[in-house]
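Colleague: Take a look at the following structure, please.
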Amino acid sequence: MQMDFHYYATYCAAILAGYSHEESMDICYSAQFVDLCSKTLLGKIGAPAQAATTQLQLELMDGRSDLLAVQESTSIWSSFHFLPGNLHKEKNRRTKLYMDKYRLVCMPNGELVKKTVQLAMGQSLQHVGIAMHVLADTWAHMFFAGTPSLVINNVTTGDFYEMKEDGTQSRIFFRHNPSVPDDPEKNLYTNSLYQSSETSVMNLGHGRAGHLPDYSYLKYRYLPAWSDYRMVLKDNPSDYMHAFCQMIYALKKLRAGDDDIRTEIYDTDAIAGYEERIDGILKKRQLIACDDWKAFGEELSGMAIPDFDIETYQEEYMQAAPDQKEETFLGRFIRAALAQKRMVCEEIQSTGNLLTGIPMRRRKKDKK
Amino acid sequence: MTRMQRVKETGFGILQILAALSLLLAPKDTSMAVILVIVGISFTAAGIGSLWFYFTMARQMVGGRVSLYKGIILFEMGAIALALTDVSHYYILLYLIILHAFQGLVRTLRALESRRIGAESYKLKLTHGLLDFCLAILCIIFIRQQTTAVLIYASGLFYSAVFRIVSALRKRSFIYIQ
């Protein structure tokens, strides 16, 4: 997902859930900041690098390619962008090596998304924003894993078809030229190069499918590497609508302090009267829908939504005294990010999967 | 390609250049055996690696059988190279011809595939593939002369090293996930 959904649509969801304009701004700023809080940025403001919620392109390209680097990447991408749907999923006659990666495939309505929302209960608005980012991405990024893996994340690029509303389908084409923007009219999109190395960064997340999961208007079917030769359908307009309504449900629960969180519940009542408007935004054939979501958000609250500025809270954090940093906007964001990462990594490690690192208690046992 | 991979590829390229130079400077009798041992060990190791990947993971993946075929072919090529140490240089040259022709074919096909999907890097791959073909043709022309065969193989190693280093230093397209 892009800024249109993580920033503007999250603002709309927060307003519809009953938050004030100021509270909604804090939530949507934090949701969008998840895509920008890299080690490089944290280094610049003097914050702990462990709180990184993303990796910049250059950090990935110039990083190491050993097991520790894979663990670092997996702990970031699985915790914030590709939340695993089912860590106990079974598939016959597979090696543990394979299953460890297969179980990291992102899916909505999993046990971890419930735990993510529960973890934000009674916490800061920054924590709520992070939870909304994670929840929304489970819909956009489903079928891909937050670990570099050819056997999971590769796709057959010759087998991508856009499903049109009139029932017809048209072939989607890929190229590897990132300097040219995607061309929805010609169905021509950029994707990462095929790399036969299992842990190449080119095989991280949905890179091989380009930005297709990020465009809300696209409905397409394709052949993922993990699917046993069965085509899967990705209906972005429907998935994004589900994400939006599930965010409203979760936000209402968080606002009320009700920790009885359930999956597969979508607050469609909250968007009564707005369905066509939202559907129109989601289905509009455009690469980014910021303007439409912004206009909708401003109509809902009657307030102006400022453009996202990455530097808004950096000075506050840098100027704060060491014992006051935790109380700043970014201080609260960092504390929430660390809690989310710890929770997800511990859940993954508890299944015997070491792709996000070795659990502390096992390290202590090994030392003895 | 990560920084470590770039360093590894560049280092491997430099080693290939050193191997090419040592082949040119080594006594004629031993140079052919050296070629075969280098080729044999490299291909066998790569073949085993690819087969391991297939049996542990790629077996379950759509299109994963490519790793099996790749592993078998590489392992076979390595085994043949190691078994050829005491046969006539005529057969060794024949083997080198097949090897270069096969590499050239694969690289040319990959280059054409890259061109079809809009990659900018296809020209470099196409040049690499065509040079492999040229070396195969040269091997056929000079099939009866051992010194020439060594020279051809050394030049093959040298240009392969140059391409490896150039590839390692080139920019790659990469989808940044949000």
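Chains: A, B, ... in order of the structure tokens. Residues: from 1 per chain. Ligands: from 1, in order shown.
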Write out as an MDAnalysis selection string the set of residues from segment 177-264 of chain A that DSSP, computed on the backbone, places in strand (DSSP E or B).
Modeller: chainID A and resid 183 188:190 219:222 224 232:235
Colleague: Report as JSON lines: every residue of chain A with an atom at most 6 Å from chain B, its closest pair of atoms, and their distance in Å to one decimal, counting only C-alpha atoms, with rows sorted by chain and ascending residue number.
Modeller:
{"residue": "A:Met1", "atom": "CA", "partner": "B:Gln178", "partner_atom": "CA", "distance": 5.7}
{"residue": "A:Gln2", "atom": "CA", "partner": "B:Gln178", "partner_atom": "CA", "distance": 5.8}
{"residue": "A:Asp35", "atom": "CA", "partner": "B:Gln178", "partner_atom": "CA", "distance": 5.9}
{"residue": "A:Met61", "atom": "CA", "partner": "B:Thr2", "partner_atom": "CA", "distance": 4.4}
{"residue": "A:Asp62", "atom": "CA", "partner": "B:Arg3", "partner_atom": "CA", "distance": 4.2}
{"residue": "A:Gly63", "atom": "CA", "partner": "B:Thr2", "partner_atom": "CA", "distance": 5.4}
{"residue": "A:Arg64", "atom": "CA", "partner": "B:Met4", "partner_atom": "CA", "distance": 5.3}
{"residue": "A:Tyr98", "atom": "CA", "partner": "B:Met57", "partner_atom": "CA", "distance": 5.4}
{"residue": "A:Val151", "atom": "CA", "partner": "B:Met61", "partner_atom": "CA", "distance": 5.3}
{"residue": "A:Phe174", "atom": "CA", "partner": "B:Ile117", "partner_atom": "CA", "distance": 6.0}
{"residue": "A:Arg175", "atom": "CA", "partner": "B:Ile117", "partner_atom": "CA", "distance": 4.6}
{"residue": "A:His176", "atom": "CA", "partner": "B:Ala119", "partner_atom": "CA", "distance": 4.8}
{"residue": "A:Asn177", "atom": "CA", "partner": "B:Ala119", "partner_atom": "CA", "distance": 6.0}
{"residue": "A:Pro178", "atom": "CA", "partner": "B:Ser173", "partner_atom": "CA", "distance": 5.8}
{"residue": "A:Ser192", "atom": "CA", "partner": "B:Phe174", "partner_atom": "CA", "distance": 5.0}
{"residue": "A:Gly207", "atom": "CA", "partner": "B:Ile175", "partner_atom": "CA", "distance": 5.0}
{"residue": "A:Ala225", "atom": "CA", "partner": "B:Val62", "partner_atom": "CA", "distance": 4.6}
{"residue": "A:Trp226", "atom": "CA", "partner": "B:Met61", "partner_atom": "CA", "distance": 5.4}
{"residue": "A:Tyr229", "atom": "CA", "partner": "B:Val62", "partner_atom": "CA", "distance": 6.0}
Colleague: Can you pull out every residue from chain B that DSSP, working from the backbone, puts in helix (DSSP H, G or I), and format the result as JSON, numbers by chain?
Modeller: {"B": [3, 4, 5, 6, 7, 8, 9, 10, 11, 12, 13, 14, 15, 16, 17, 18, 19, 20, 21, 22, 23, 24, 25, 28, 29, 30, 31, 32, 33, 34, 35, 36, 37, 38, 39, 40, 41, 42, 43, 44, 45, 46, 47, 48, 49, 50, 51, 52, 53, 54, 55, 56, 58, 59, 60, 65, 66, 67, 68, 69, 70, 71, 72, 73, 74, 75, 76, 77, 78, 79, 80, 81, 82, 83, 89, 90, 91, 92, 93, 94, 95, 96, 97, 98, 99, 100, 101, 102, 103, 104, 105, 106, 107, 108, 109, 110, 111, 112, 113, 114, 115, 116, 122, 123, 124, 125, 126, 127, 128, 129, 130, 131, 132, 133, 134, 135, 136, 137, 138, 139, 140, 141, 146, 147, 148, 149, 150, 151, 152, 153, 154, 155, 156, 157, 158, 159, 160, 161, 162, 163, 164, 165, 166, 167, 168, 169]}
Colleague: Can you work out which one of A:Lys39, A:Lys294, A:Lys252, A:Arg230 has the shortest atom-to-atom distance to Ala52 of chain A, counting only C-alpha atoms?
Modeller: A:Lys39
Colleague: Which value, in Å to one decimal, gives the distance between atom CA of Lys8 of chain B and atom CA of Ile165 of chain B?
Modeller: 9.7 Å
Colleague: Distance atom CA of Gln50 of chain A-atom CA of Ile334 of chain A, one decimal place?
Modeller: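 Distance between the two atoms: 9.1 Å.
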Colleague: With only C-alpha atoms as the atoms that count, which of B:Leu112, B:Leu157, B:Val162, B:Leu99 lies nearest to Phe133 of chain B?
Modeller: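 So, comparing all the options, the nearest one is B:Leu99.
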Colleague: What is the distance between atom CA of Ile140 of chain B and atom CA of Gly13 of chain B, in Å to one decimal?
Modeller: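 So the two atoms, atom CA of Ile140 of chain B and atom CA of Gly13 of chain B, lie 26.5 Å apart.
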Colleague: Excluding same-chain residues fewer than 3 positions from Leu254 of chain A, what lies within 8 Å of it counting only C-alpha atoms, as a PDB file with C-alpha atoms, in the first residue's frame?
Modeller:
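Listed below is the output, out_35.pdb:
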ATOM      1  CA  VAL A 117      -4.556  -4.783  17.587  1.00  0.00           C
ATOM      2  CA  ALA A 120      -2.134  -1.406  20.794  1.00  0.00           C
ATOM      3  CA  MET A 121      -5.002  -1.455  23.294  1.00  0.00           C
ATOM      4  CA  GLY A 122      -4.608   1.321  25.883  1.00  0.00           C
ATOM      5  CA  VAL A 128      -2.623   2.605  17.060  1.00  0.00           C
ATOM      6  CA  ALA A 250     -10.449  -2.119  15.072  1.00  0.00           C
ATOM      7  CA  LEU A 251     -10.218   1.637  15.669  1.00  0.00           C
ATOM      8  CA  GLY A 257     -10.802   0.115  25.183  1.00  0.00           C
ATOM      9  CA  ASP A 258     -12.656  -3.107  24.359  1.00  0.00           C
ATOM     10  CA  ASP A 259     -10.071  -5.866  23.907  1.00  0.00           C
TER      11      ASP A 259
END
Colleague: Might you pull out every residue within 8 Å of Ile288 of chain A, with only C-alpha atoms counted and same-chain residues fewer than 2 positions away left off, and present them as a ChimeraX atom specification?
Modeller: /A:2,4,215,286,290
Colleague: When distances are computed from only C-alpha atoms, which of B:Ala149, B:Leu131, B:Leu126, B:Ile48 shows the smallest separation from Tyr91 of chain B?
Modeller: B:Ala149
